[in-house]
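Enquirer: Encoded as structure tokens, here's the structure I'll be asking about.
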Amino acid sequence: MLFRSHILICGGTGCSSSRSKDIFAAFEDGLKTQSLDKEVKLVLTGCFGLCALGPVVIVYPEGSFYSKVTPDDVREIISEHIVKGRIVKRLLYEETVKQDGIQSLNETNFYKKQLRVALKNCGVINPENIDEYIARDGYKAYEKVVTAMTPQQVVDEIKASGLRGRGGGGFSTGLKWQFTKDAQGDKKFVCCNADEGDPGAFMDRSVLEGDPHCVIEAMMIAGYAVGSDQGYVYVRAEYPIAVQRLQVAIDQAREYGLLGKNILGTGHSFDLEIRLGSGAFVCGEETALMTSIEGHRGEPRPRPPFPAIKGLFGKPTLLNNVETYANITQIILNGSKWFAAMGTEKSKGTKVFALGGKIANTGLVEIPMGTTLREIIEDIGGGIPNGKKFKAAQTGGPSGGCIPAELIDIKIDYDNLISIGSMMGSGGLIVMDEDNCMVDIAKFFLEFTVDESCGKCTPCRIGNKRLLELLDKITSGKGEPSDIPKMEELCQYIKDNSLCGLGQTAPNPVLSTLRYFKDEYIAHIEKKTCPAGVCKALLNYSVQADKCIGCTLCKRNCPVAAISGEVKAVHTIDPAKCIKCGVCMEKCPKKAIVRR
Amino acid sequence: MENVKMINLKINSLPVSVPEGTTVLDAAKSIGITIPTLCYMRKVNEIGACRVCVVEVKGARNLVASCVFPVAENMEVSTATERVLKARRTTVELMLSDHDNQCLSCMRSTNCELQKLAHDLNCDQHKYDGAVNDYKKDTSSPYLVRDNNKCILCRRCVAVCSKVQDVAVIGANARGFKTHIGCAFGRDIFDVPCIACGQCITVCPTGALTEKDDIDIVRAAIGDPQKTVIAGTAPATRIGLSEEFGLPAGTNVEGKLVSALRLLGFDKVFDINATADLTIMEEGTELLHRIKTNGALPMFTSCSPGWVKYVETFYPEFIKNISTCKSPQAMFGATIKTYYAEKCGLDPANLFTVGVMPCTSKKFERLRDDMSANGKQPDMDAVLSVREIARMIKRAGIDFVNLPDGKYDAPLGVASGAGFIFGATGGVMEAALRTVVETLEGKPLEKLDFKAVRGMKGIKEATVTAGGRKISVCAASGIANAKAVLEDIKSGKAHYDFVEVMTCPGGCVNGGGQPVRNAEKLNFMDIAETRAKPIYAGDAKNKIRKSHENPVVKALYEEYFQYPNSHRAHEVLHTTYAARKKYKDI
């Protein structure tokens with residue numbers, strides 16, 4: 001059936017929480033009322049990426065990119081754009097507006113420098129319709145491997161592509177496949193790690209929500225390559241949309257005979273099940289993930305033995321992350337040379353990042369490896385809002401580190417990030433400006449790891465807790481000069497002794513901020529000040545006498561009666577009573593109150 | 001060992017050659033280097049969690065846990081560099097920072113693996129002072145106390161409970177710094193289907209798990225002039241006790257134990273080996289009766305109360321298969337409070353019976369329903385574990401090692417070798433066979449040793465022919481093994497007439513009331529085997545080796561019980577069982 005228009009509505013998590021489903025319903029309703037439902041096709045897609053502008057609606061063939069749409073806007077889009085062919089300019093993303101009409105989304109700064117491989121279908125197809133996936137070359141890669149390639153050829157192709165694990169570690173995917181293929185075992189498993197847990201990261205979630213079949217197909221290919229007929233996707237229960245769409249996709253694939261026994265009559269069998277995680281960060285660690293699938297408390301176990309040799313239920317197991325799988329079908333279809341042509345010498349292909357923090361274009365971006373941090377922040381991300389200065393970017397989540405402003409021209413790849421004390425991680429990228437206190441940032445991430453530690457090994461369970469207590473001490477103004485070497489020593493110990501990757505990398509945020517922002521630590525300890533004005537205990541509020549007009553507003557609003565002063569006379573704040581809530585500063589009409 | 005590939009490596013620059021698959025910990029041990037461990041338990045808890053055993057491996061980015069790290073060709077290991085020792089010290093210092101550190105008043109002081117490591121590694125107790133968890137002690141049960149303020153989360157208790165016993169009533173709760181060991185949903189240990197075996201206590205490296213201490217109850221009775229305080233010592237007690245006084249494991253200190261009990265003020269010191277013989281008479285007769293009358297078979301032994309509780313809780317369909325005989329301890333108490341009281345003209349209310357046991361489950365058994373032969377007083381008034389009796393002896397300033405050998409009091413002072421071997425797995429079975437086979441054959445046995453049921457294997461099977469009938473038997477120890485036997489019986493895979501089950505792996509020699517097992521005993525010794533040896537030696541030396549030839553037992557029947565399984569014997573020496581709910585309120 002041909003349609004004269006396609007309306008794509010983002011059904012990613014971000015847009016869903018700002019009512020994109022209501023928008024979808026409004027369109028459905030509106031089109032029916034106008035009897036246009038046979039002429040216009042509505043598609044609820046996965047994430048477009050520009051979450052900051054959500055909910056997003058794109059109307060083709062014009063390619064009008066409507067941003068921040070509300071259900072109330074729908075009637076206007078239908079009556080103006082669909083019926084009369086007049087684009088609703090007030091809703092257009094301003095960057096797409098040209099004097100002579102609109103420009104393609106791909107020409108905007110946000111998309112121009114991106115290269116969509118893993119996210120190829122995200123925001124393009126209806127993830128709940130297998131036919132749309134198939135129409136975009138879906139299951140063609142699987143067909144190719146089972147009919148024209150030996151398992152070893154598949155492994156060789158992945159090896160030649162140079163693809164490295166997108167979950168954070170960056171281990172060669174091809175080698176992992178080879179190890180699992182070579183392992184002896186009557187039963188093997190293929191697992192997908194969709195337990196994305198870094199604060200602010202939503203790459204894997206978006207892939208599963210926007211293109212679940214590409215993960216299923218990649219796992220089928222992996223099953224063929226390593227000799228496994230059973231796969232598990234371990235996805236956190238906090239991703240209900242991803243879980244639901246993945247289940248729909250699995251059901252559809254089964255219905256089409258793409259999962260199950262003797263697929264397409266090739267003799268190859270593979271089936272897939274979802275296992276829900278309960279949101280423990282540590283279950284993203286491969287051995288903990290498998291322990292959890294087995295039905296035990298999610299805790300890591302020592303390696304060796306590695307999963308490829310003795311993994312899930314003691315059997316050889318291949319475990320890759322969602323984004324890693326999302327690259328597989330394209331490598332098979334386009335060839336390893338095509339893939340290896342993208343990126344840097346040792347980091348091939350692209351990487352998806354979840355941009356967040358102090359950045360204009362919060363969202364999901366996919367860039368070729370080797371793109372500089374500056375390009376990501378300034379061009380794609382649209383820079384820092386409110387005219388603030390860029391201070392640092394945090395990559396790798398709680399396991400990563402901070403990249404200071406002076407390194408903004410670093411080319412993003414696995415090895416460069418490690419060399420400066422951070423890591424690629426799964427792709428969270430949090431931007432910080434001058435208002436961020438780096439000691440506080442370190443504390444934030446360490447608080448996260450301390451909270452998420454499984455408690456199995458001593459260094460992580462108690463060591464990180466003690467480290468956090470030292471940071472607490474410093475941010476509350478009780479730090480001593482000896483605390484810095486003590487922290488450094490403890491960090492090194494925890495890295496050197498923890499059982500799993502979570503513990504071993506937990507001190508990274510502390511180490512990297514100590515490396516690049518030691519002056520801030522020293523200011524907290526020696527001058528008892530927080531240069532960024534974040535750490536409450538180190539702040540003092542005072543009234544600037546020359547600006548105070550004695551209006552008494554601050555005095556009347558102070559919840560603890562810490563402010564004294566008569567009408568039309570200069571007021572003063574008693575630091576002994578002040579609880580640093582900041583109400584006075586907010587209320588003062590003359591900006592006479594300062595925080596230092 | 002043929003076809004095993006040997007791996008060559010260097011440890012502290014010394015060349016070492018060990019079979020492939022050996023851990024660095026074992027490779028080091030083979031050249032005389034003991035790497036400290038806390039969480040490691042061979043084959044039971046190989047989790048690499050405590051990080052005390054870390055070593056440096058050349059080329060590895062981080063330190064590795066030697067307990068789980070396999071050797072590799074040309075590997076270069078350093079076990080005591082500054083980096084390694086500092087790491088171990090920090091690990092222990094961190095443990096101490098979340099520990100109550102009340103060593104002076106801790107039951108495990110001087111016998112604590114954490115304390116020893118802290119001392120050996122020259123730890124600064126206060127280096128990492130910070131927040132300390134504060135947990136409520138679990139004193140809900142009559143047999144054990146959990147004090148998580150002393151727990152270092154090595155999880156040896158969890159592993160033994162789930163893997164060796166397959167009961168799995170404890171596990172890690174909460175996470176991160178708040179992780180603690182406990183029962184599901186924070187329940188008390190007496191509110192879950194714990195079988196009271198006490199294995200968790202014997203593997204705890206610190207004072208986090210201890211038996212419920214009943215010394216004060218016993219001391220009070222001894223101090224009460226009205227009371228005649230009577231001790232009964234279990235077979236395996238006299239072996240394990242030696243270790244509490246620095247004697248080599250596997251030393252039989254029976255005579256010193258008897259002397260020490262007298263010095264402690266016990267009025268009478270009896271041997272429960274004698275009532276073990278009585279048990280054989282009753283149980284053997286019961287078995288013969290079941291065989292003759294097509295009763296419920298296989299018959300299971302009933303002397304291990306943890307096992308009995310396990311069946312009542314998890315396999316109630318097998319309750320009918322458990323012998324109705326009370327355990328030797330309960331038969332002892334019952335005999336004292338009836339026969340002995342009558343014989344000596346004593347008011348049973350003034351008799352105070354104390355079991356000196358290698359067991360914690362016996363503390364629970366004492367309180368079971370129907371454990372009162374005379375219907376007024378309990379059969380047993382108190383039960384002391386080997387550890388408690390050792391503490392009592394030390395507290396009283398008794399020079400145990402140099403004590404002269406004492407002799408048990410009459411009448412319950414003579415026992416057969418059959419009664420003695422109750423202390424090791426397979427012993428009850430062997431003792432029973434000596435009597436049952438002889439009875440069926442109608443002539444004296446030529447060979448008394450039933451070696452097929454000896455040894456530390458978890459499940460042992462044998463078939464004997466007696467009176468023209470084949471009797472198929474099995475002896476299992478450790479509940480995980482017992483469970484496997486039950487499942488095999490259930491599925492029809494196995495057919496037995498008689499099954500002995502000991503709750504603890506290896507039997508009472510390795511009971512939950514025995515001396516605790518430190519890393520050395522857990523990982524580099526077969527402690528159960530070592531403790532079983534003197535028991536079989538004692539049996540071999542004994543002139544009386546069959547229960548039915550024990551003159552004390554004969555007298556008991558002549559004077560009181562008439563004959564085995566008589567009406568009176570049933571009243572005094574037998575009991576009943578009932579299905580138990582796993583949780584009282586669920």
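Please note that chains go A, B, ... in the order of the structure tokens, that every chain numbers its residues from 1, and that ligands are numbered from 1 in the order shown.
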Dump as a list of chain:residue names the residues of chain B that approach chain A to within 6 Å, counting only C-alpha atoms.
Expert: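 Applying the cut-off to the listed atoms yields B:Ala49, B:Cys50, B:Asn62, B:Leu63, B:Arg175, B:Gly176, B:Phe177, B:Thr179.
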Enquirer: Could you please write out, as a list of chain:residue names, every residue of region 230-397 of chain B that DSSP assigns to strand (DSSP E or B)?
Expert: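 Of region 230-397 of chain B, only B:Ile230, B:Ala231, B:Gly232, B:Thr233, B:Lys268, B:Val269, B:Phe270, B:Asp271, B:Met299, B:Phe300, B:Ile322, B:Cys325, B:Leu351, B:Phe352, B:Thr353, B:Val354, B:Gly355, B:Val356, B:Met357, B:Ala382, B:Val383, B:Leu384, B:Ser385 fall in strand (DSSP E or B).
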Enquirer: Take the selection from the previous step and output its residues with C-alpha atoms, as an mmCIF file, in the first residue's frame.
Expert:
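In the end it all went to result20.cif:
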data_model
loop_
_atom_site.group_PDB
_atom_site.id
_atom_site.type_symbol
_atom_site.label_atom_id
_atom_site.label_comp_id
_atom_site.auth_asym_id
_atom_site.auth_seq_id
_atom_site.Cartn_x
_atom_site.Cartn_y
_atom_site.Cartn_z
ATOM 1 C CA ILE B 230 25.629 -36.529 85.661
ATOM 2 C CA ALA B 231 27.767 -36.200 82.570
ATOM 3 C CA GLY B 232 27.520 -38.448 79.556
ATOM 4 C CA THR B 233 30.229 -38.228 76.940
ATOM 5 C CA LYS B 268 28.928 -39.105 87.920
ATOM 6 C CA VAL B 269 30.702 -39.479 84.622
ATOM 7 C CA PHE B 270 29.120 -41.972 82.233
ATOM 8 C CA ASP B 271 29.876 -43.034 78.719
ATOM 9 C CA MET B 299 14.788 -47.855 57.776
ATOM 10 C CA PHE B 300 16.774 -44.724 58.492
ATOM 11 C CA ILE B 322 12.994 -43.200 60.468
ATOM 12 C CA CYS B 325 14.693 -45.142 68.565
ATOM 13 C CA LEU B 351 19.153 -35.536 88.732
ATOM 14 C CA PHE B 352 20.767 -33.162 86.275
ATOM 15 C CA THR B 353 21.919 -34.810 83.053
ATOM 16 C CA VAL B 354 24.533 -33.152 80.879
ATOM 17 C CA GLY B 355 25.475 -34.390 77.435
ATOM 18 C CA VAL B 356 29.054 -33.670 76.435
ATOM 19 C CA MET B 357 28.627 -33.743 72.701
ATOM 20 C CA ALA B 382 21.831 -29.508 79.345
ATOM 21 C CA VAL B 383 24.091 -30.194 76.406
ATOM 22 C CA LEU B 384 27.635 -28.920 76.162
ATOM 23 C CA SER B 385 29.645 -28.972 72.962
#
Enquirer: Which polymer residues have any atom within 8 Å of an atom of region 397-414 of chain B, counting only C-alpha atoms, with same-chain residues fewer than 6 positions away left out, as a ChimeraX atom specification?
Expert: /B:245,247,254-260,263,268-275,550-552
Enquirer: Give me the residues within 8 Å of Asn361 (chain A) as a list of chain:residue names, counting only C-alpha atoms and dropping any in the same chain fewer than 3 places off.
Expert: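 Returned residues: A:Leu50, A:Cys51, A:Ala52, A:Leu53, A:Phe110, A:Leu355, A:Ile380, A:Gly381, A:Gly382, A:Gly383.
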Enquirer: With C-alpha atoms retained, export the selected residues as an mmCIF file, in the first residue's frame.
Expert:
data_model
loop_
_atom_site.group_PDB
_atom_site.id
_atom_site.type_symbol
_atom_site.label_atom_id
_atom_site.label_comp_id
_atom_site.auth_asym_id
_atom_site.auth_seq_id
_atom_site.Cartn_x
_atom_site.Cartn_y
_atom_site.Cartn_z
ATOM 1 C CA LEU A 50 17.688 14.692 19.771
ATOM 2 C CA CYS A 51 16.011 14.039 23.070
ATOM 3 C CA ALA A 52 16.403 17.634 24.210
ATOM 4 C CA LEU A 53 13.826 18.641 21.620
ATOM 5 C CA PHE A 110 23.496 17.684 15.437
ATOM 6 C CA LEU A 355 25.093 13.124 25.765
ATOM 7 C CA ILE A 380 26.915 18.038 17.748
ATOM 8 C CA GLY A 381 26.051 18.943 21.291
ATOM 9 C CA GLY A 382 25.504 22.593 20.541
ATOM 10 C CA GLY A 383 27.860 23.749 23.268
#
Enquirer: Can you write out as CSV which residues of region 113-229 of chain B fall within 9 Å of region 35-47 of chain B, alongside each residue's closest atom pair and its distance in Å to one decimal, counting only C-alpha atoms and ordering rows by chain and ascending residue number?
Expert:
residue,atom,partner,partner_atom,distance
B:Glu113,CA,B:Leu38,CA,7.4
B:Leu114,CA,B:Leu38,CA,7.9
B:Leu117,CA,B:Pro36,CA,7.7
B:Ile152,CA,B:Leu38,CA,8.9
B:Leu153,CA,B:Cys39,CA,8.0
B:Cys154,CA,B:Cys39,CA,4.3
B:Arg155,CA,B:Cys39,CA,6.5
B:Arg156,CA,B:Cys39,CA,6.1
B:Val158,CA,B:Asn45,CA,8.8
B:Ala159,CA,B:Asn45,CA,5.7
B:Val160,CA,B:Val44,CA,6.8
B:Lys163,CA,B:Val44,CA,6.6
B:Val164,CA,B:Val44,CA,7.4
B:Val203,CA,B:Met41,CA,8.9
B:Pro205,CA,B:Leu38,CA,7.0
Enquirer: Run DSSP on the backbone and grab whatever in region 264-427 of chain A lands in alpha helix (DSSP H); send it over as a PyMOL selection string.
Expert: chain A and resi 286-293+322-334+336-340+373-374+414-419
Enquirer: In terms of the shortest atom-to-atom distance over only C-alpha atoms, which of B:Arg187, B:Arg89, B:Arg568, B:Lys10 is closest to Glu76 (chain B)?
Expert: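 Distance minimum relative to Glu76 (chain B) lands on B:Lys10.
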Enquirer: Near region 372-377 of chain A, counting only C-alpha atoms, which residues have an atom at most 8 Å away, once you skip same-chain residues fewer than 5 positions from it, shown as an NGL selection string?
Expert: :A and (359 or 382-384 or 408-412 or 431)
Enquirer: Those same residues, written as an mmCIF file, in the first residue's frame with N, CA and C atoms?
Expert:
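Once everything was written out, this is part.cif:
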data_model
loop_
_atom_site.group_PDB
_atom_site.id
_atom_site.type_symbol
_atom_site.label_atom_id
_atom_site.label_comp_id
_atom_site.auth_asym_id
_atom_site.auth_seq_id
_atom_site.Cartn_x
_atom_site.Cartn_y
_atom_site.Cartn_z
ATOM 1 N N ILE A 359 24.811 20.580 28.525
ATOM 2 C CA ILE A 359 24.970 20.605 27.082
ATOM 3 C C ILE A 359 23.624 20.929 26.451
ATOM 4 N N GLY A 382 25.994 21.221 20.514
ATOM 5 C CA GLY A 382 25.504 22.593 20.541
ATOM 6 C C GLY A 382 26.090 23.434 21.657
ATOM 7 N N GLY A 383 27.151 22.942 22.263
ATOM 8 C CA GLY A 383 27.860 23.749 23.268
ATOM 9 C C GLY A 383 27.182 23.776 24.618
ATOM 10 N N ILE A 384 27.782 24.589 25.495
ATOM 11 C CA ILE A 384 27.310 24.666 26.877
ATOM 12 C C ILE A 384 26.240 25.748 26.966
ATOM 13 N N ILE A 408 40.287 18.959 25.331
ATOM 14 C CA ILE A 408 39.043 18.886 24.546
ATOM 15 C C ILE A 408 39.287 18.443 23.102
ATOM 16 N N ASP A 409 40.524 18.550 22.631
ATOM 17 C CA ASP A 409 40.784 18.141 21.253
ATOM 18 C C ASP A 409 41.213 16.680 21.128
ATOM 19 N N ILE A 410 41.090 15.943 22.202
ATOM 20 C CA ILE A 410 41.455 14.524 22.155
ATOM 21 C C ILE A 410 40.521 13.785 21.201
ATOM 22 N N LYS A 411 41.126 12.882 20.423
ATOM 23 C CA LYS A 411 40.300 12.057 19.539
ATOM 24 C C LYS A 411 39.744 10.900 20.367
ATOM 25 N N ILE A 412 38.448 10.756 20.327
ATOM 26 C CA ILE A 412 37.816 9.745 21.160
ATOM 27 C C ILE A 412 38.043 8.347 20.572
ATOM 28 N N VAL A 431 28.635 16.245 30.423
ATOM 29 C CA VAL A 431 29.393 17.478 30.255
ATOM 30 C C VAL A 431 29.228 18.354 31.497
#
Enquirer: Pick out the residues sitting within 12 Å of Asp131 (chain A), and hand them over as a PDB file with C-alpha atoms, in the first residue's frame; count only C-alpha atoms, and ignore anything fewer than 5 positions along from it in its own chain.
Expert:
ATOM      1  CA  ILE A 125      11.293   2.002  11.405  1.00  0.00           C
ATOM      2  CA  ASN A 126       8.516   0.806  13.587  1.00  0.00           C
ATOM      3  CA  ARG A 136      15.684  -2.495   5.452  1.00  0.00           C
ATOM      4  CA  ASP A 137      17.796  -5.582   4.693  1.00  0.00           C
ATOM      5  CA  GLY A 138      16.769  -7.252   7.924  1.00  0.00           C
ATOM      6  CA  TYR A 139      17.748 -10.901   8.397  1.00  0.00           C
ATOM      7  CA  HIS A 213      15.565  -7.179  15.517  1.00  0.00           C
ATOM      8  CA  ALA A 249      10.314  -8.808  18.140  1.00  0.00           C
ATOM      9  CA  GLN A 252       7.479 -12.092  15.514  1.00  0.00           C
ATOM     10  CA  ALA A 253      10.797 -13.681  14.621  1.00  0.00           C
ATOM     11  CA  TYR A 256       8.342 -16.053  10.840  1.00  0.00           C
TER      12      TYR A 256
END
Enquirer: For Gly63 (chain A), please output as an mmCIF file with N, CA and C atoms, in the first residue's frame all residues within 12 Å (counting only C-alpha atoms; exclusion window: fewer than 2 positions along the same chain).
Expert:
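Result file follows (around_27.cif):
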data_model
loop_
_atom_site.group_PDB
_atom_site.id
_atom_site.type_symbol
_atom_site.label_atom_id
_atom_site.label_comp_id
_atom_site.auth_asym_id
_atom_site.auth_seq_id
_atom_site.Cartn_x
_atom_site.Cartn_y
_atom_site.Cartn_z
ATOM 1 N N SER A 5 1.894 10.411 2.676
ATOM 2 C CA SER A 5 2.737 10.987 3.728
ATOM 3 C C SER A 5 3.034 9.939 4.779
ATOM 4 N N HIS A 6 4.204 10.061 5.404
ATOM 5 C CA HIS A 6 4.541 9.255 6.567
ATOM 6 C C HIS A 6 4.772 10.180 7.739
ATOM 7 N N ILE A 7 4.159 9.859 8.838
ATOM 8 C CA ILE A 7 4.418 10.650 10.053
ATOM 9 C C ILE A 7 5.135 9.754 11.051
ATOM 10 N N LEU A 8 6.372 10.133 11.373
ATOM 11 C CA LEU A 8 7.165 9.349 12.316
ATOM 12 C C LEU A 8 7.133 10.024 13.685
ATOM 13 N N VAL A 57 8.428 14.811 16.096
ATOM 14 C CA VAL A 57 7.588 14.240 15.038
ATOM 15 C C VAL A 57 8.206 14.631 13.697
ATOM 16 N N ILE A 58 8.386 13.679 12.807
ATOM 17 C CA ILE A 58 8.904 14.014 11.481
ATOM 18 C C ILE A 58 7.865 13.622 10.432
ATOM 19 N N VAL A 59 7.618 14.557 9.524
ATOM 20 C CA VAL A 59 6.653 14.265 8.462
ATOM 21 C C VAL A 59 7.388 14.175 7.127
ATOM 22 N N TYR A 60 7.241 13.024 6.496
ATOM 23 C CA TYR A 60 7.820 12.817 5.162
ATOM 24 C C TYR A 60 6.695 12.841 4.152
ATOM 25 N N PRO A 61 6.934 13.191 2.902
ATOM 26 C CA PRO A 61 8.235 13.309 2.225
ATOM 27 C C PRO A 61 8.995 14.615 2.484
ATOM 28 N N PHE A 65 10.916 18.514 10.578
ATOM 29 C CA PHE A 65 11.296 18.026 11.894
ATOM 30 C C PHE A 65 10.619 18.891 12.953
ATOM 31 N N TYR A 66 9.491 18.394 13.465
ATOM 32 C CA TYR A 66 8.765 19.159 14.477
ATOM 33 C C TYR A 66 9.273 18.793 15.869
ATOM 34 N N HIS A 81 -0.404 21.088 7.614
ATOM 35 C CA HIS A 81 0.624 20.386 6.845
ATOM 36 C C HIS A 81 0.052 19.257 5.972
ATOM 37 N N ILE A 87 3.756 23.805 5.835
ATOM 38 C CA ILE A 87 4.530 23.360 7.004
ATOM 39 C C ILE A 87 4.290 24.288 8.199
ATOM 40 N N LEU A 92 8.877 23.879 13.920
ATOM 41 C CA LEU A 92 10.084 23.305 13.324
ATOM 42 C C LEU A 92 11.298 23.521 14.221
ATOM 43 N N TYR A 93 12.195 22.536 14.220
ATOM 44 C CA TYR A 93 13.473 22.679 14.902
ATOM 45 C C TYR A 93 14.201 23.795 14.185
ATOM 46 N N THR A 96 16.618 23.587 11.294
ATOM 47 C CA THR A 96 16.217 23.068 9.986
ATOM 48 C C THR A 96 15.521 24.131 9.152
ATOM 49 N N VAL A 97 15.268 25.290 9.758
ATOM 50 C CA VAL A 97 14.540 26.331 9.027
ATOM 51 C C VAL A 97 15.511 27.135 8.165
ATOM 52 N N GLY A 101 12.812 27.637 2.773
ATOM 53 C CA GLY A 101 12.132 26.386 3.107
ATOM 54 C C GLY A 101 12.802 25.690 4.277
ATOM 55 N N ILE A 102 12.934 24.374 4.182
ATOM 56 C CA ILE A 102 13.578 23.663 5.284
ATOM 57 C C ILE A 102 14.753 22.863 4.748
ATOM 58 N N GLN A 103 15.734 22.649 5.626
ATOM 59 C CA GLN A 103 16.843 21.809 5.201
ATOM 60 C C GLN A 103 16.729 20.442 5.859
ATOM 61 N N SER A 104 17.376 19.490 5.236
ATOM 62 C CA SER A 104 17.303 18.132 5.751
ATOM 63 C C SER A 104 17.918 18.072 7.134
ATOM 64 N N LEU A 105 17.357 17.186 7.892
ATOM 65 C CA LEU A 105 17.854 16.983 9.242
ATOM 66 C C LEU A 105 19.340 16.630 9.223
ATOM 67 N N ASN A 106 19.725 15.900 8.207
ATOM 68 C CA ASN A 106 21.114 15.463 8.123
ATOM 69 C C ASN A 106 22.087 16.615 7.915
ATOM 70 N N GLU A 107 21.538 17.761 7.561
ATOM 71 C CA GLU A 107 22.398 18.926 7.370
ATOM 72 C C GLU A 107 22.568 19.717 8.663
ATOM 73 N N VAL A 124 13.690 5.304 12.442
ATOM 74 C CA VAL A 124 13.333 5.155 11.026
ATOM 75 C C VAL A 124 12.191 4.166 10.868
#
Enquirer: Can you work out which one of B:Leu573, B:Val55, B:Val501, B:Leu96 has the shortest atom-to-atom distance to Lys326 (chain B), counting only C-alpha atoms?
Expert: B:Leu573
Enquirer: By how many Å are CA of Met429 (chain B) and CA of Val499 (chain B) apart?
Expert: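 We find that CA of Met429 (chain B) and CA of Val499 (chain B) lie 7.6 Å from each other.
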